[in-house]
Structures are given as C-alpha cells and as structure tokens.
Amino acid sequence: MDKPFDKIFLTALSIECIVGIWEWERKVKQTVVIDLEMACDVRRAAVSDHIDDTVDYKKVSKRLLTFVGESQFQLVETLAENIARIILTEFAVPWVRVRLNKQGAIRNSRDVGIVIERRIEDYSDLSSA
C-alpha cells in the first residue's frame with residue numbers, strides 16, 4: 001500500500017528581508033509572503049496525538065522567520081530555493097511547494113513571485129557531503 005499524500009500547510013507568513021537587484025532594494029527591507037505545502041504522512045500523529053509525530057509548523061515558521069529575516073539574496077528564485085532546501089533537509093518532509101510573493105514589486109500589480117516544488121531527492125547531493 002502506498003503512503004498517503006497528506007499535506008500540512010502554512011499560509012501568508014510575512015517576513016521583512018533584503019531582496020532585490022536594485023541599489024535601493026539592497027538598503028531597505030521589503031515584505032515577502034510565503035505559502036508552504038509540505039507532504040507528510042499524518043497517520044502516526046493522528047493515532048499518538050503527539051507533536052513529535054508530525055511536522056511542527058511552529059518550528060518551521062520560527063526557522064523561516066530567522067533565515068529569511070537575515071537573508072540578503074538578490075533573486076526571489078534563490079530565496080525560494082533555499083527555503084525549499086531547509087524544509088526538506090531539516091524537517092524530513094519528502095516534498096514541498098513554496099510560493100514566495102514579493103508584494104508591490106511591480107507597479108500596478110498586487111504582487112509578483114514564484115512557486116517551486118521540490119522533492120528530497122533534489123538535494124541528494126547533501127547526503128554524500
């Protein structure tokens with residue numbers, strides 16, 4: 001029997017950070033909004049009713065608040081890739097979807113951003129390091 005494809009999600013996590021290619025963007029923190037979907041098998045947690053048997057979204061949130069808040073990437077693509085890598089390698093989920101939104105980056109547009117999906121296999125190079 002295949003494992004279920006359950007998802008834990010975290011929506012609209014707003015974080016101030018340095019991100020952008022223009023000189024003014026390197027000096028002023030901007031808001032990025034992150035949505036995550038993380039694959040997991042919640043059956044064990046559903047039976048045990050214990051946080052250690054699932055993805056602790058509070059720990060995920062705290063980790064991203066620190067990482068993103070201290071980051072200074074030029075591209076949202078690079079930031080999203082690093083977020084995916086953290087989720088997959090530090091929180092033991094097999095798949096993640098990261099939606100990163102840089103609100104107000106384009107005049108006359110509410111937001112602009114990127115959506116990426118990654119699997120743990122995408123970072124198999126880390127296991128041999």
# chains A, B, ... in the order shown; residues from 1 in each chain; ligands from 1

call {"tool": "residues_around", "arguments": {"residues": "segment 22-33 of chain A", "least_positions_apart": "6", "cutoff": "8 Å", "atoms": "only C-alpha atoms", "output": "list in words"}}
result
Ala12, Leu13, Ser14, Ile15, Glu16, Gln72, Leu100, Asn101, Lys102 and Gln103 of chain A

call {"tool": "write_last_selection", "arguments": {"atoms": "C-alpha atoms", "output": "PDB file, in the first residue's frame"}}
result
ATOM      1  CA  ALA A  12       0.792  34.032   4.393  1.00  0.00           C
ATOM      2  CA  LEU A  13       3.909  34.005   6.560  1.00  0.00           C
ATOM      3  CA  SER A  14       5.067  37.629   6.207  1.00  0.00           C
ATOM      4  CA  ILE A  15       8.741  38.392   6.716  1.00  0.00           C
ATOM      5  CA  GLU A  16      10.805  41.550   6.197  1.00  0.00           C
ATOM      6  CA  GLN A  72      20.100  39.174   1.603  1.00  0.00           C
ATOM      7  CA  LEU A 100       7.023  33.306  -2.439  1.00  0.00           C
ATOM      8  CA  ASN A 101       5.320  36.616  -3.069  1.00  0.00           C
ATOM      9  CA  LYS A 102       7.111  39.959  -3.168  1.00  0.00           C
ATOM     10  CA  GLN A 103       4.228  42.364  -2.773  1.00  0.00           C
TER      11      GLN A 103
END

call {"tool": "select_by_dssp", "arguments": {"residues": "chain A", "states": "alpha helix (DSSP H)", "output": "VMD selection string"}}
result
chain A and resid 43 to 48 57 to 70 76 to 90

call {"tool": "residues_around", "arguments": {"residues": "Glu90 of chain A", "least_positions_apart": "4", "cutoff": "12 Å", "atoms": "only C-alpha atoms", "output": "list in words"}}
result
Val55, Asp56, Lys59, Val60, Arg63, Leu64, Asn82, Ile83, Ala84, Arg85, Ile86, Pro94, Ile120, Tyr123 and Leu126 of chain A

call {"tool": "closest_residue", "arguments": {"among": "A:Ala39, A:Ile8, A:Val93, A:Val98", "to": "Leu79 of chain A", "atoms": "only C-alpha atoms"}}
result
A:Val98

call {"tool": "select_by_dssp", "arguments": {"residues": "segment 12-52 of chain A", "states": "strand (DSSP E or B)", "output": "PyMOL selection string"}}
result
chain A and resi 12-19+30-40

call {"tool": "write_last_selection", "arguments": {"atoms": "N, CA and C atoms", "output": "mmCIF file, in the first residue's frame"}}
result
data_model
loop_
_atom_site.group_PDB
_atom_site.id
_atom_site.type_symbol
_atom_site.label_atom_id
_atom_site.label_comp_id
_atom_site.auth_asym_id
_atom_site.auth_seq_id
_atom_site.Cartn_x
_atom_site.Cartn_y
_atom_site.Cartn_z
ATOM 1 N N ALA A 12 0.631 32.590 4.176
ATOM 2 C CA ALA A 12 0.792 34.032 4.393
ATOM 3 C C ALA A 12 1.736 34.371 5.542
ATOM 4 N N LEU A 13 2.869 33.671 5.595
ATOM 5 C CA LEU A 13 3.909 34.005 6.560
ATOM 6 C C LEU A 13 4.651 35.228 6.021
ATOM 7 N N SER A 14 4.479 36.365 6.668
ATOM 8 C CA SER A 14 5.067 37.629 6.207
ATOM 9 C C SER A 14 6.374 37.894 6.936
ATOM 10 N N ILE A 15 7.415 38.177 6.140
ATOM 11 C CA ILE A 15 8.741 38.392 6.716
ATOM 12 C C ILE A 15 9.407 39.571 6.001
ATOM 13 N N GLU A 16 10.042 40.431 6.750
ATOM 14 C CA GLU A 16 10.805 41.550 6.197
ATOM 15 C C GLU A 16 12.231 41.083 5.931
ATOM 16 N N CYS A 17 12.736 41.376 4.725
ATOM 17 C CA CYS A 17 14.101 40.986 4.398
ATOM 18 C C CYS A 17 14.657 41.864 3.280
ATOM 19 N N ILE A 18 15.950 41.743 3.080
ATOM 20 C CA ILE A 18 16.609 42.383 1.942
ATOM 21 C C ILE A 18 16.512 41.410 0.772
ATOM 22 N N VAL A 19 15.872 41.838 -0.312
ATOM 23 C CA VAL A 19 15.797 41.011 -1.521
ATOM 24 C C VAL A 19 15.591 41.935 -2.714
ATOM 25 N N GLN A 30 12.100 44.663 2.564
ATOM 26 C CA GLN A 30 10.800 44.551 1.919
ATOM 27 C C GLN A 30 10.078 43.334 2.481
ATOM 28 N N THR A 31 8.769 43.320 2.337
ATOM 29 C CA THR A 31 7.979 42.200 2.828
ATOM 30 C C THR A 31 7.874 41.127 1.760
ATOM 31 N N VAL A 32 8.190 39.907 2.157
ATOM 32 C CA VAL A 32 7.879 38.753 1.326
ATOM 33 C C VAL A 32 6.833 37.936 2.070
ATOM 34 N N VAL A 33 5.945 37.320 1.318
ATOM 35 C CA VAL A 33 4.892 36.496 1.903
ATOM 36 C C VAL A 33 5.086 35.083 1.388
ATOM 37 N N ILE A 34 5.146 34.143 2.309
ATOM 38 C CA ILE A 34 5.458 32.755 1.965
ATOM 39 C C ILE A 34 4.266 31.859 2.285
ATOM 40 N N ASP A 35 3.921 31.019 1.310
ATOM 41 C CA ASP A 35 2.946 29.949 1.497
ATOM 42 C C ASP A 35 3.686 28.636 1.300
ATOM 43 N N LEU A 36 3.459 27.689 2.194
ATOM 44 C CA LEU A 36 4.098 26.377 2.104
ATOM 45 C C LEU A 36 3.059 25.276 2.097
ATOM 46 N N GLU A 37 3.311 24.247 1.325
ATOM 47 C CA GLU A 37 2.622 22.971 1.435
ATOM 48 C C GLU A 37 3.708 21.935 1.612
ATOM 49 N N MET A 38 3.584 21.120 2.662
ATOM 50 C CA MET A 38 4.599 20.126 2.980
ATOM 51 C C MET A 38 3.958 18.747 3.041
ATOM 52 N N ALA A 39 4.457 17.839 2.212
ATOM 53 C CA ALA A 39 3.928 16.481 2.208
ATOM 54 C C ALA A 39 4.366 15.754 3.473
ATOM 55 N N CYS A 40 3.468 14.945 3.977
ATOM 56 C CA CYS A 40 3.795 14.151 5.153
ATOM 57 C C CYS A 40 2.756 13.045 5.293
#

call {"tool": "closest_residue", "arguments": {"among": "A:Arg99, A:Val115, A:Ser124, A:Gly20", "to": "Ser71 of chain A", "atoms": "only C-alpha atoms"}}
result
A:Gly20

call {"tool": "decode", "arguments": {"residues": "segment 14-25 of chain A", "atoms": "all heavy atoms", "output": "CSV table (one decimal), in the first residue's frame"}}
result
chain,number,residue,atom,x,y,z
A,14,SER,N,4.5,36.4,6.7
A,14,SER,CA,5.1,37.6,6.2
A,14,SER,C,6.4,37.9,6.9
A,14,SER,O,6.4,37.9,8.2
A,14,SER,CB,4.1,38.8,6.5
A,14,SER,OG,2.9,38.6,5.7
A,15,ILE,N,7.4,38.2,6.1
A,15,ILE,CA,8.7,38.4,6.7
A,15,ILE,C,9.4,39.6,6.0
A,15,ILE,O,9.4,39.7,4.8
A,15,ILE,CB,9.6,37.1,6.6
A,15,ILE,CG1,8.9,35.9,7.1
A,15,ILE,CG2,11.0,37.3,7.3
A,15,ILE,CD1,9.6,34.6,6.9
A,16,GLU,N,10.0,40.4,6.7
A,16,GLU,CA,10.8,41.5,6.2
A,16,GLU,C,12.2,41.1,5.9
A,16,GLU,O,12.9,40.5,6.8
A,16,GLU,CB,10.8,42.7,7.2
A,16,GLU,CG,9.5,43.3,7.5
A,16,GLU,CD,8.9,44.2,6.5
A,16,GLU,OE1,9.7,45.0,5.9
A,16,GLU,OE2,7.7,44.1,6.2
A,17,CYS,N,12.7,41.4,4.7
A,17,CYS,CA,14.1,41.0,4.4
A,17,CYS,C,14.7,41.9,3.3
A,17,CYS,O,13.9,42.6,2.6
A,17,CYS,CB,14.2,39.5,4.0
A,17,CYS,SG,13.4,39.1,2.4
A,18,ILE,N,15.9,41.7,3.1
A,18,ILE,CA,16.6,42.4,1.9
A,18,ILE,C,16.5,41.4,0.8
A,18,ILE,O,17.0,40.3,0.9
A,18,ILE,CB,18.1,42.7,2.2
A,18,ILE,CG1,18.3,43.6,3.4
A,18,ILE,CG2,18.8,43.2,1.0
A,18,ILE,CD1,17.8,45.0,3.2
A,19,VAL,N,15.9,41.8,-0.3
A,19,VAL,CA,15.8,41.0,-1.5
A,19,VAL,C,15.6,41.9,-2.7
A,19,VAL,O,14.7,42.8,-2.7
A,19,VAL,CB,14.7,39.9,-1.4
A,19,VAL,CG1,13.3,40.5,-1.3
A,19,VAL,CG2,14.8,39.0,-2.6
A,20,GLY,N,16.4,41.7,-3.7
A,20,GLY,CA,16.3,42.6,-4.9
A,20,GLY,C,17.6,42.9,-5.6
A,20,GLY,O,18.7,42.7,-5.0
A,21,ILE,N,17.5,43.3,-6.8
A,21,ILE,CA,18.7,43.6,-7.6
A,21,ILE,C,19.1,45.1,-7.7
A,21,ILE,O,20.2,45.4,-8.0
A,21,ILE,CB,18.6,43.0,-9.0
A,21,ILE,CG1,17.4,43.7,-9.8
A,21,ILE,CG2,18.5,41.5,-9.0
A,21,ILE,CD1,17.4,43.4,-11.2
A,22,TRP,N,18.1,45.9,-7.4
A,22,TRP,CA,18.4,47.4,-7.5
A,22,TRP,C,19.0,47.9,-6.2
A,22,TRP,O,18.8,47.4,-5.1
A,22,TRP,CB,17.1,48.1,-7.7
A,22,TRP,CG,16.4,47.6,-8.9
A,22,TRP,CD1,15.2,46.9,-8.9
A,22,TRP,CD2,16.8,47.6,-10.3
A,22,TRP,NE1,14.9,46.5,-10.2
A,22,TRP,CE2,15.8,46.9,-11.1
A,22,TRP,CE3,17.9,48.1,-10.9
A,22,TRP,CZ2,15.9,46.8,-12.5
A,22,TRP,CZ3,18.0,48.0,-12.3
A,22,TRP,CH2,17.0,47.3,-13.1
A,23,GLU,N,19.8,48.9,-6.4
A,23,GLU,CA,20.6,49.5,-5.3
A,23,GLU,C,19.7,49.9,-4.1
A,23,GLU,O,20.0,49.6,-2.9
A,23,GLU,CB,21.4,50.7,-5.7
A,23,GLU,CG,22.3,51.3,-4.7
A,23,GLU,CD,23.1,52.5,-5.2
A,23,GLU,OE1,23.4,52.6,-6.4
A,23,GLU,OE2,23.5,53.3,-4.3
A,24,TRP,N,18.5,50.5,-4.3
A,24,TRP,CA,17.6,50.8,-3.2
A,24,TRP,C,17.1,49.6,-2.5
A,24,TRP,O,16.9,49.7,-1.3
A,24,TRP,CB,16.5,51.7,-3.7
A,24,TRP,CG,15.5,51.0,-4.6
A,24,TRP,CD1,15.4,51.0,-5.9
A,24,TRP,CD2,14.3,50.3,-4.1
A,24,TRP,NE1,14.4,50.2,-6.3
A,24,TRP,CE2,13.6,49.8,-5.2
A,24,TRP,CE3,13.8,50.1,-2.8
A,24,TRP,CZ2,12.5,49.1,-5.1
A,24,TRP,CZ3,12.6,49.3,-2.7
A,24,TRP,CH2,12.0,48.8,-3.9
A,25,GLU,N,16.9,48.5,-3.2
A,25,GLU,CA,16.4,47.3,-2.6
A,25,GLU,C,17.5,46.6,-1.7
A,25,GLU,O,17.1,45.8,-0.8
A,25,GLU,CB,16.0,46.2,-3.7
A,25,GLU,CG,14.8,46.6,-4.5
A,25,GLU,CD,14.5,45.6,-5.6
A,25,GLU,OE1,15.4,45.3,-6.4
A,25,GLU,OE2,13.4,45.0,-5.5
